[in-house]
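Listing of model_15.pdb, PDB, C-alpha atoms
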```pdb
MODEL        1
ATOM      1  CA  MET A  25     -16.072-128.549   2.033
ATOM      2  CA  LYS A  26     -15.748-126.355  -1.065
ATOM      3  CA  LEU A  27     -17.462-127.602  -4.213
ATOM      4  CA  VAL A  28     -17.461-125.727  -7.539
ATOM      5  CA  LEU A  29     -20.292-126.237 -10.042
ATOM      6  CA  LEU A  30     -19.953-125.433 -13.759
ATOM      7  CA  SER A  31     -22.058-126.316 -16.797
ATOM      8  CA  ASP A  32     -22.858-125.781 -20.470
ATOM      9  CA  LEU A  33     -19.521-124.936 -22.070
ATOM     10  CA  HIS A  34     -20.784-125.643 -25.627
ATOM     11  CA  LEU A  35     -17.226-125.584 -26.923
ATOM     12  CA  VAL A  36     -16.754-124.937 -30.626
ATOM     13  CA  SER A  37     -13.891-126.384 -32.659
ATOM     14  CA  PHE A  38     -12.772-125.603 -36.198
ATOM     15  CA  GLU A  39     -14.628-128.758 -37.246
ATOM     16  CA  SER A  40     -17.813-127.347 -35.679
ATOM     17  CA  LEU A  41     -17.631-124.315 -37.948
ATOM     18  CA  ARG A  42     -16.925-126.142 -41.172
ATOM     19  CA  THR A  43     -19.177-129.189 -40.758
ATOM     20  CA  ARG A  44     -21.887-129.588 -43.379
ATOM     21  CA  ASP A  45     -23.478-132.733 -41.995
ATOM     22  CA  PHE A  46     -26.990-131.789 -43.045
ATOM     23  CA  PHE A  47     -28.268-135.359 -42.934
ATOM     24  CA  THR A  48     -28.036-135.576 -39.146
ATOM     25  CA  LYS A  49     -29.199-133.556 -36.163
ATOM     26  CA  ARG A  50     -25.865-131.731 -36.269
ATOM     27  CA  SER A  51     -27.353-129.493 -38.963
ATOM     28  CA  LEU A  52     -29.582-127.883 -36.300
ATOM     29  CA  ALA A  53     -26.605-127.154 -34.072
ATOM     30  CA  TRP A  54     -24.672-125.731 -37.014
ATOM     31  CA  MET A  55     -27.501-123.361 -37.938
ATOM     32  CA  ASN A  56     -27.910-122.274 -34.307
ATOM     33  CA  LEU A  57     -24.190-121.649 -34.146
ATOM     34  CA  ARG A  58     -24.169-119.643 -37.353
ATOM     35  CA  PHE A  59     -27.264-117.530 -36.784
ATOM     36  CA  ASN A  60     -27.907-117.358 -33.014
ATOM     37  CA  ARG A  61     -24.541-117.895 -31.307
ATOM     38  CA  LYS A  62     -21.962-116.178 -33.476
ATOM     39  CA  ASP A  63     -19.894-115.339 -30.384
ATOM     40  CA  ALA A  64     -19.681-118.999 -29.357
ATOM     41  CA  VAL A  65     -16.148-119.214 -30.737
ATOM     42  CA  LYS A  66     -15.100-117.017 -27.798
ATOM     43  CA  GLY A  67     -16.357-119.655 -25.386
ATOM     44  CA  GLY A  68     -13.055-121.509 -25.305
ATOM     45  CA  SER A  69     -11.120-118.521 -23.957
ATOM     46  CA  ILE A  70     -13.820-117.768 -21.372
ATOM     47  CA  ALA A  71     -13.829-121.424 -20.303
ATOM     48  CA  ARG A  72     -10.041-121.396 -19.864
ATOM     49  CA  LEU A  73     -10.277-118.245 -17.746
ATOM     50  CA  ALA A  74     -13.005-119.852 -15.636
ATOM     51  CA  ILE A  75     -10.761-122.859 -15.022
ATOM     52  CA  GLN A  76      -7.959-120.564 -13.871
ATOM     53  CA  ARG A  77     -10.272-118.812 -11.420
ATOM     54  CA  VAL A  78     -11.733-122.090 -10.169
ATOM     55  CA  LYS A  79      -8.281-123.559  -9.601
ATOM     56  CA  ALA A  80      -7.266-120.493  -7.583
ATOM     57  CA  LEU A  81     -10.207-121.095  -5.227
ATOM     58  CA  GLN A  82      -8.629-124.459  -4.268
ATOM     59  CA  PRO A  83     -11.937-126.349  -4.073
ATOM     60  CA  ASP A  84     -12.184-129.837  -2.642
ATOM     61  CA  HIS A  85     -14.142-130.970  -5.684
ATOM     62  CA  ILE A  86     -15.252-129.637  -9.079
ATOM     63  CA  LEU A  87     -18.344-130.796 -10.958
ATOM     64  CA  PHE A  88     -19.387-130.153 -14.557
ATOM     65  CA  THR A  89     -23.038-130.911 -15.307
ATOM     66  CA  GLY A  90     -22.689-131.484 -19.036
ATOM     67  CA  ASP A  91     -22.853-129.886 -22.473
ATOM     68  CA  PHE A  92     -19.119-129.725 -23.029
ATOM     69  CA  SER A  93     -19.666-129.848 -26.779
ATOM     70  CA  ASN A  94     -21.814-128.119 -29.352
ATOM     71  CA  MET A  95     -22.596-131.080 -31.608
ATOM     72  CA  ALA A  96     -20.823-134.076 -30.012
ATOM     73  CA  LEU A  97     -17.816-133.985 -32.321
ATOM     74  CA  PRO A  98     -14.558-135.678 -31.222
ATOM     75  CA  SER A  99     -12.702-132.415 -31.856
ATOM     76  CA  GLU A 100     -15.010-130.614 -29.415
ATOM     77  CA  PHE A 101     -14.414-133.258 -26.741
ATOM     78  CA  GLU A 102     -10.671-133.031 -27.361
ATOM     79  CA  LEU A 103     -10.899-129.273 -26.865
ATOM     80  CA  ALA A 104     -12.849-129.829 -23.647
ATOM     81  CA  ARG A 105     -10.155-132.178 -22.332
ATOM     82  CA  ASP A 106      -7.528-129.567 -23.138
ATOM     83  CA  VAL A 107      -9.524-126.849 -21.351
ATOM     84  CA  LEU A 108      -9.888-129.097 -18.285
ATOM     85  CA  ALA A 109      -6.228-130.167 -18.273
ATOM     86  CA  PRO A 110      -5.169-127.783 -15.429
ATOM     87  CA  ILE A 111      -7.705-129.382 -13.075
ATOM     88  CA  TRP A 112      -7.802-132.916 -14.523
ATOM     89  CA  ASP A 113      -7.817-135.192 -11.488
ATOM     90  CA  PRO A 114     -10.426-137.983 -11.264
ATOM     91  CA  ALA A 115     -10.326-137.741  -7.470
ATOM     92  CA  ARG A 116     -11.313-134.061  -7.528
ATOM     93  CA  LEU A 117     -13.110-133.588 -10.848
ATOM     94  CA  SER A 118     -16.410-135.178 -11.922
ATOM     95  CA  VAL A 119     -18.657-134.838 -14.969
ATOM     96  CA  VAL A 120     -22.004-135.934 -16.364
ATOM     97  CA  PRO A 121     -23.096-135.734 -20.019
ATOM     98  CA  GLY A 122     -25.451-133.088 -21.369
ATOM     99  CA  ASN A 123     -27.890-133.327 -24.250
ATOM    100  CA  HIS A 124     -25.371-131.714 -26.641
ATOM    101  CA  ASP A 125     -22.843-134.386 -25.661
ATOM    102  CA  TYR A 126     -25.370-136.955 -26.929
ATOM    103  CA  TYR A 127     -26.417-134.790 -29.853
ATOM    104  CA  ALA A 128     -25.666-137.184 -32.716
ATOM    105  CA  LEU A 129     -26.636-140.832 -33.007
ATOM    106  CA  ASP A 130     -23.182-141.887 -34.207
ATOM    107  CA  SER A 131     -21.482-140.426 -31.118
ATOM    108  CA  VAL A 132     -24.018-142.083 -28.797
ATOM    109  CA  LYS A 133     -23.524-145.499 -30.396
ATOM    110  CA  ALA A 134     -19.738-145.095 -30.157
ATOM    111  CA  HIS A 135     -19.944-143.868 -26.517
ATOM    112  CA  THR A 136     -17.768-140.943 -27.572
ATOM    113  CA  PHE A 137     -18.437-138.866 -24.454
ATOM    114  CA  GLU A 138     -17.560-141.770 -22.181
ATOM    115  CA  HIS A 139     -14.409-142.464 -24.205
ATOM    116  CA  TYR A 140     -13.079-139.002 -23.403
ATOM    117  CA  PHE A 141     -14.357-138.628 -19.836
ATOM    118  CA  ARG A 142     -14.663-142.159 -18.450
ATOM    119  CA  GLU A 143     -12.223-141.699 -15.556
ATOM    120  CA  LEU A 144     -14.029-138.553 -14.420
ATOM    121  CA  ILE A 145     -17.271-140.524 -14.106
ATOM    122  CA  TRP A 146     -16.119-143.859 -12.697
ATOM    123  CA  GLY A 147     -12.598-143.103 -11.498
ATOM    124  CA  ALA A 148     -10.300-146.088 -11.514
ATOM    125  CA  SER A 149     -13.168-148.529 -10.959
ATOM    126  CA  GLY A 150     -13.454-149.339 -14.656
ATOM    127  CA  GLY A 151     -17.213-148.953 -14.462
ATOM    128  CA  THR A 152     -19.451-148.347 -17.446
ATOM    129  CA  ALA A 153     -22.949-148.187 -15.943
ATOM    130  CA  TYR A 154     -24.569-144.991 -14.706
ATOM    131  CA  PRO A 155     -24.710-143.584 -12.180
ATOM    132  CA  GLY A 156     -21.031-143.097 -11.524
ATOM    133  CA  ILE A 157     -20.562-143.191  -7.767
ATOM    134  CA  LYS A 158     -17.726-141.389  -6.015
ATOM    135  CA  THR A 159     -16.760-140.702  -2.428
ATOM    136  CA  ILE A 160     -15.531-137.116  -2.705
ATOM    137  CA  ALA A 161     -14.909-136.476   1.004
ATOM    138  CA  PRO A 162     -15.199-138.572   4.176
ATOM    139  CA  ASN A 163     -18.802-139.824   4.286
ATOM    140  CA  VAL A 164     -19.820-137.728   1.258
ATOM    141  CA  ALA A 165     -21.140-139.616  -1.794
ATOM    142  CA  LEU A 166     -21.621-138.119  -5.249
ATOM    143  CA  LEU A 167     -24.053-139.818  -7.655
ATOM    144  CA  LEU A 168     -23.364-139.024 -11.314
ATOM    145  CA  PHE A 169     -26.600-139.772 -13.184
ATOM    146  CA  ARG A 170     -27.151-139.673 -16.925
ATOM    147  CA  SER A 171     -30.339-137.770 -17.743
ATOM    148  CA  THR A 172     -29.527-137.196 -21.397
ATOM    149  CA  HIS A 173     -30.474-139.390 -24.370
ATOM    150  CA  TYR A 174     -30.316-139.094 -28.121
ATOM    151  CA  LEU A 175     -33.573-137.719 -29.518
ATOM    152  CA  PRO A 176     -34.349-136.575 -33.081
ATOM    153  CA  GLY A 177     -34.950-133.034 -34.261
ATOM    154  CA  ILE A 178     -35.174-130.236 -31.718
ATOM    155  CA  LEU A 179     -36.147-132.560 -28.873
ATOM    156  CA  SER A 180     -33.842-132.714 -25.850
ATOM    157  CA  PHE A 181     -35.975-134.245 -23.088
ATOM    158  CA  GLY A 182     -34.213-135.759 -20.114
ATOM    159  CA  TRP A 183     -35.012-138.633 -17.792
ATOM    160  CA  VAL A 184     -33.245-140.770 -15.198
ATOM    161  CA  SER A 185     -34.041-144.444 -15.579
ATOM    162  CA  ASN A 186     -35.333-146.634 -12.766
ATOM    163  CA  THR A 187     -32.298-148.855 -13.341
ATOM    164  CA  GLN A 188     -30.020-145.988 -12.361
ATOM    165  CA  ILE A 189     -32.076-145.311  -9.253
ATOM    166  CA  LYS A 190     -31.866-148.987  -8.227
ATOM    167  CA  ARG A 191     -28.094-149.045  -8.732
ATOM    168  CA  ALA A 192     -27.749-145.879  -6.669
ATOM    169  CA  LYS A 193     -29.855-147.365  -3.869
ATOM    170  CA  SER A 194     -27.724-150.492  -3.753
ATOM    171  CA  ALA A 195     -24.493-148.507  -3.689
ATOM    172  CA  LEU A 196     -25.703-146.160  -0.957
ATOM    173  CA  GLN A 197     -26.799-149.086   1.208
ATOM    174  CA  ALA A 198     -23.215-150.333   1.072
ATOM    175  CA  LEU A 199     -21.528-146.939   1.526
ATOM    176  CA  LYS A 200     -23.892-145.502   4.158
ATOM    177  CA  PRO A 201     -22.726-141.903   3.578
ATOM    178  CA  ALA A 202     -23.643-139.083   5.939
ATOM    179  CA  PHE A 203     -24.272-136.741   3.039
ATOM    180  CA  THR A 204     -25.354-137.598  -0.523
ATOM    181  CA  ILE A 205     -25.182-135.361  -3.586
ATOM    182  CA  ALA A 206     -26.880-136.165  -6.892
ATOM    183  CA  ALA A 207     -25.826-134.640 -10.205
ATOM    184  CA  PHE A 208     -27.335-134.747 -13.698
ATOM    185  CA  HIS A 209     -27.710-132.346 -16.604
ATOM    186  CA  HIS A 210     -31.414-131.521 -16.920
ATOM    187  CA  ASN A 211     -32.994-129.009 -14.552
ATOM    188  CA  LEU A 212     -35.848-130.003 -12.238
ATOM    189  CA  HIS A 213     -37.815-126.733 -12.404
ATOM    190  CA  ARG A 214     -40.232-125.456 -15.014
ATOM    191  CA  ARG A 215     -38.961-123.103 -17.702
ATOM    192  CA  GLY A 216     -40.555-121.289 -20.654
ATOM    193  CA  LEU A 217     -43.159-122.855 -22.926
ATOM    194  CA  MET A 218     -40.751-123.916 -25.699
ATOM    195  CA  SER A 219     -38.307-125.457 -23.226
ATOM    196  CA  GLU A 220     -41.135-127.353 -21.578
ATOM    197  CA  LEU A 221     -42.415-128.620 -24.928
ATOM    198  CA  THR A 222     -39.028-129.752 -26.230
ATOM    199  CA  GLY A 223     -36.427-130.143 -23.486
ATOM    200  CA  ARG A 224     -37.815-130.587 -19.986
ATOM    201  CA  MET A 225     -36.927-133.297 -17.487
ATOM    202  CA  LEU A 226     -39.624-135.948 -17.830
ATOM    203  CA  LYS A 227     -41.321-137.419 -14.746
ATOM    204  CA  ARG A 228     -39.914-134.681 -12.515
ATOM    205  CA  LYS A 229     -42.247-135.443  -9.627
ATOM    206  CA  GLN A 230     -41.251-139.105  -9.573
ATOM    207  CA  LEU A 231     -37.546-138.273  -9.819
ATOM    208  CA  LYS A 232     -37.749-135.826  -6.917
ATOM    209  CA  ALA A 233     -39.462-138.498  -4.797
ATOM    210  CA  ASN A 234     -36.835-141.086  -5.771
ATOM    211  CA  LEU A 235     -33.989-138.757  -4.831
ATOM    212  CA  LEU A 236     -35.569-137.932  -1.480
ATOM    213  CA  ASN A 237     -36.052-141.641  -0.796
ATOM    214  CA  LEU A 238     -32.351-142.197  -1.551
ATOM    215  CA  GLY A 239     -31.515-139.663   1.136
ATOM    216  CA  VAL A 240     -30.093-137.110  -1.299
ATOM    217  CA  LYS A 241     -29.545-133.729   0.370
ATOM    218  CA  LEU A 242     -28.165-131.726  -2.537
ATOM    219  CA  VAL A 243     -28.995-131.880  -6.265
ATOM    220  CA  LEU A 244     -26.761-130.175  -8.842
ATOM    221  CA  THR A 245     -27.943-129.601 -12.423
ATOM    222  CA  GLY A 246     -27.389-127.475 -15.532
ATOM    223  CA  HIS A 247     -29.255-127.152 -18.864
ATOM    224  CA  ASP A 248     -31.136-123.948 -17.974
ATOM    225  CA  HIS A 249     -28.095-121.666 -18.556
ATOM    226  CA  HIS A 250     -29.170-119.568 -15.564
ATOM    227  CA  HIS A 251     -28.245-119.938 -11.907
ATOM    228  CA  LEU A 252     -31.144-120.923  -9.665
ATOM    229  CA  GLU A 253     -31.538-122.262  -6.128
ATOM    230  CA  TYR A 254     -34.609-123.801  -4.529
ATOM    231  CA  PRO A 255     -35.638-126.456  -1.952
ATOM    232  CA  VAL A 256     -37.645-129.614  -2.585
ATOM    233  CA  GLN A 257     -39.683-130.916   0.331
ATOM    234  CA  LYS A 258     -42.034-133.835   0.782
ATOM    235  CA  LYS A 259     -43.377-135.571   3.905
ATOM    236  CA  GLY A 260     -40.685-134.279   6.229
ATOM    237  CA  GLN A 261     -37.867-134.903   3.749
ATOM    238  CA  SER A 262     -35.991-132.086   2.065
ATOM    239  CA  MET A 263     -33.119-131.415  -0.315
ATOM    240  CA  ASP A 264     -31.610-128.333  -1.904
ATOM    241  CA  VAL A 265     -31.378-127.953  -5.692
ATOM    242  CA  ILE A 266     -28.815-125.737  -7.395
ATOM    243  CA  CYS A 267     -28.905-125.204 -11.142
ATOM    244  CA  SER A 268     -25.709-123.841 -12.648
ATOM    245  CA  GLY A 269     -25.681-121.104 -15.225
ATOM    246  CA  SER A 270     -23.708-121.531 -18.431
ATOM    247  CA  THR A 271     -19.986-120.982 -17.969
ATOM    248  CA  THR A 272     -19.508-119.499 -21.463
ATOM    249  CA  LEU A 273     -22.797-118.137 -22.859
ATOM    250  CA  THR A 274     -22.621-114.373 -23.343
ATOM    251  CA  THR A 275     -25.737-112.508 -24.483
ATOM    252  CA  SER A 276     -27.562-109.292 -23.585
ATOM    253  CA  LYS A 277     -29.556-111.288 -21.030
ATOM    254  CA  HIS A 278     -26.878-113.660 -19.797
ATOM    255  CA  LEU A 279     -23.363-113.515 -18.398
ATOM    256  CA  PRO A 280     -21.134-116.581 -18.073
ATOM    257  CA  GLY A 281     -20.645-117.867 -14.558
ATOM    258  CA  PHE A 282     -19.893-120.653 -12.128
ATOM    259  CA  THR A 283     -20.959-121.428  -8.571
ATOM    260  CA  LEU A 284     -18.977-122.028  -5.386
ATOM    261  CA  ILE A 285     -20.825-124.097  -2.789
ATOM    262  CA  GLU A 286     -19.567-124.365   0.786
ATOM    263  CA  LEU A 287     -21.115-126.985   3.016
ATOM    264  CA  ASP A 288     -20.452-128.858   6.205
ATOM    265  CA  PRO A 289     -21.312-132.502   5.461
ATOM    266  CA  LYS A 290     -21.057-133.305   9.168
ATOM    267  CA  GLN A 291     -23.961-130.963   9.819
ATOM    268  CA  PRO A 292     -26.057-131.081   6.620
ATOM    269  CA  GLU A 293     -28.945-129.305   8.296
ATOM    270  CA  LYS A 294     -26.925-126.092   8.236
ATOM    271  CA  PRO A 295     -27.641-123.647   5.392
ATOM    272  CA  ILE A 296     -25.391-124.047   2.356
ATOM    273  CA  LYS A 297     -23.232-121.030   1.562
ATOM    274  CA  ILE A 298     -23.352-120.181  -2.127
ATOM    275  CA  LYS A 299     -21.318-117.708  -4.156
ATOM    276  CA  VAL A 300     -21.944-116.993  -7.835
ATOM    277  CA  PHE A 301     -19.011-115.797  -9.925
ATOM    278  CA  SER A 302     -19.985-113.958 -13.114
ATOM    279  CA  TYR A 303     -17.899-112.945 -16.094
ATOM    280  CA  ARG A 304     -17.840-109.209 -16.707
ATOM    281  CA  PRO A 305     -16.896-108.382 -20.320
ATOM    282  CA  GLU A 306     -15.898-104.826 -19.386
ATOM    283  CA  ILE A 307     -13.045-106.119 -17.216
ATOM    284  CA  GLY A 308     -12.534-109.469 -18.908
ATOM    285  CA  ASP A 309     -12.685-111.446 -15.682
ATOM    286  CA  PHE A 310     -14.948-113.358 -13.295
ATOM    287  CA  ILE A 311     -16.000-111.614 -10.103
ATOM    288  CA  ASP A 312     -17.828-112.737  -6.966
ATOM    289  CA  GLU A 313     -21.342-111.334  -7.412
ATOM    290  CA  THR A 314     -21.996-111.938  -3.702
ATOM    291  CA  ASN A 315     -19.597-109.134  -2.840
ATOM    292  CA  ALA A 316     -20.134-106.971  -5.909
ATOM    293  CA  GLY A 317     -22.157-104.403  -3.991
TER
ENDMDL
END
```
Before we go any further, please render this structure as structure tokens.
Amino acid sequence: MKLVLLSDLHLVSFESLRTRDFFTKRSLAWMNLRFNRKDAVKGGSIARLAIQRVKALQPDHILFTGDFSNMALPSEFELARDVLAPIWDPARLSVVPGNHDYYALDSVKAHTFEHYFRELIWGASGGTAYPGIKTIAPNVALLLFRSTHYLPGILSFGWVSNTQIKRAKSALQALKPAFTIAAFHHNLHRRGLMSELTGRMLKRKQLKANLLNLGVKLVLTGHDHHHLEYPVQKKGQSMDVICSGSTTLTTSKHLPGFTLIELDPKQPEKPIKIKVFSYRPEIGDFIDETNAG
């Protein structure tokens, strides 16, 4: 089974650049865009190229772990839908929201993210409660958790509610999958001091234990902007965690990328094959870093 993981597009629309909404949290995103991420306007073209390369890989499923937008504007979500159009298929494409997709209180109250991406979370089930639950291959279940919440100021903490865990447990008891994958936006590992103080996943230890108890074998996240892989083990139980790098962020310390994961759900104890594709500005394309020499 071939699964592609992408995250953190942070797409910028014309409205993003001209907004002057200084009475909401969007003012912080606007200042960051103006002073720290001046090249963010190029993200749309890089994202479209990434989609072309992902489509050519002919994956069985594609997952985005959030942050489609910069400041949760409808125009940014519309741009995201347009970027995803070549691969838009609820049976083969899934998403979860990121903290930027819940960036403004008005968009959270209006469920703007869910309005644009509902069918990619719940398919044709008409569901509205997280986690979205999909069967993406025979005996393979994908749990689409929401870890993001609206918070004021620079805060972007994440957490997965006990209600979501209970719903997931009930669904898995009915499905009885051979292999379970969990997805949410916030990373499970520790980062730098500022990230820990303002935007970490809360109650990480408890969440890891809950996921292991659910029988989850693979966890897919974003938020960090850097690719990372590591195992989580406890009392004879284990699961692999893969954090996706940003698909569009280009800085001196970061290249855009996406991840191809190959696994055999019939034999989940086998190692997972992982390939990281990175964007190289000098050639204007994504290349497989695994074979880059």
Shortest interatomic distance to A:His278 - which of A:Ser118, A:Pro295, A:Ile266, A:Pro305, counting only C-alpha atoms: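 Of A:Ser118, A:Pro295, A:Ile266, A:Pro305, the one nearest A:His278 is A:Pro305, counting only C-alpha atoms.
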Using the chain letters and numbers from the file, give me the residues hit by the PyMOL selection byres ((chain A and resi 124) around 8), as a PyMOL selection string. chain A and resi 34+91-96+122-123+125-127
Counting all atoms listed in the file, what is within 8 Å of stretch 152-155 of chain A, bar same-chain residues fewer than 3 positions away, as a ChimeraX atom specification? /A:142,146,167-170,188,191-192
Quick one: distance from atom CA of A:Ala161 to atom CA of A:His210 in Å, one decimal?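 Calculated distance between atom CA of A:Ala161 and atom CA of A:His210 is 24.9 Å.
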Could you spell out the hits of the PyMOL selection byres ((chain A and resi 110) around 12) on the shown file, as an MDAnalysis selection string? chainID A and resid 71:80 104:109 111:113 116:117
Output C-alpha atoms for every residue in that selection, as a PDB file, keeping the file's coordinate frame.
```pdb
ATOM      1  CA  ALA A  71     -13.829-121.424 -20.303  1.00  0.00           C
ATOM      2  CA  ARG A  72     -10.041-121.396 -19.864  1.00  0.00           C
ATOM      3  CA  LEU A  73     -10.277-118.245 -17.746  1.00  0.00           C
ATOM      4  CA  ALA A  74     -13.005-119.852 -15.636  1.00  0.00           C
ATOM      5  CA  ILE A  75     -10.761-122.859 -15.022  1.00  0.00           C
ATOM      6  CA  GLN A  76      -7.959-120.564 -13.871  1.00  0.00           C
ATOM      7  CA  ARG A  77     -10.272-118.812 -11.420  1.00  0.00           C
ATOM      8  CA  VAL A  78     -11.733-122.090 -10.169  1.00  0.00           C
ATOM      9  CA  LYS A  79      -8.281-123.559  -9.601  1.00  0.00           C
ATOM     10  CA  ALA A  80      -7.266-120.493  -7.583  1.00  0.00           C
ATOM     11  CA  ALA A 104     -12.849-129.829 -23.647  1.00  0.00           C
ATOM     12  CA  ARG A 105     -10.155-132.178 -22.332  1.00  0.00           C
ATOM     13  CA  ASP A 106      -7.528-129.567 -23.138  1.00  0.00           C
ATOM     14  CA  VAL A 107      -9.524-126.849 -21.351  1.00  0.00           C
ATOM     15  CA  LEU A 108      -9.888-129.097 -18.285  1.00  0.00           C
ATOM     16  CA  ALA A 109      -6.228-130.167 -18.273  1.00  0.00           C
ATOM     17  CA  ILE A 111      -7.705-129.382 -13.075  1.00  0.00           C
ATOM     18  CA  TRP A 112      -7.802-132.916 -14.523  1.00  0.00           C
ATOM     19  CA  ASP A 113      -7.817-135.192 -11.488  1.00  0.00           C
ATOM     20  CA  ARG A 116     -11.313-134.061  -7.528  1.00  0.00           C
ATOM     21  CA  LEU A 117     -13.110-133.588 -10.848  1.00  0.00           C
TER      22      LEU A 117
END
```
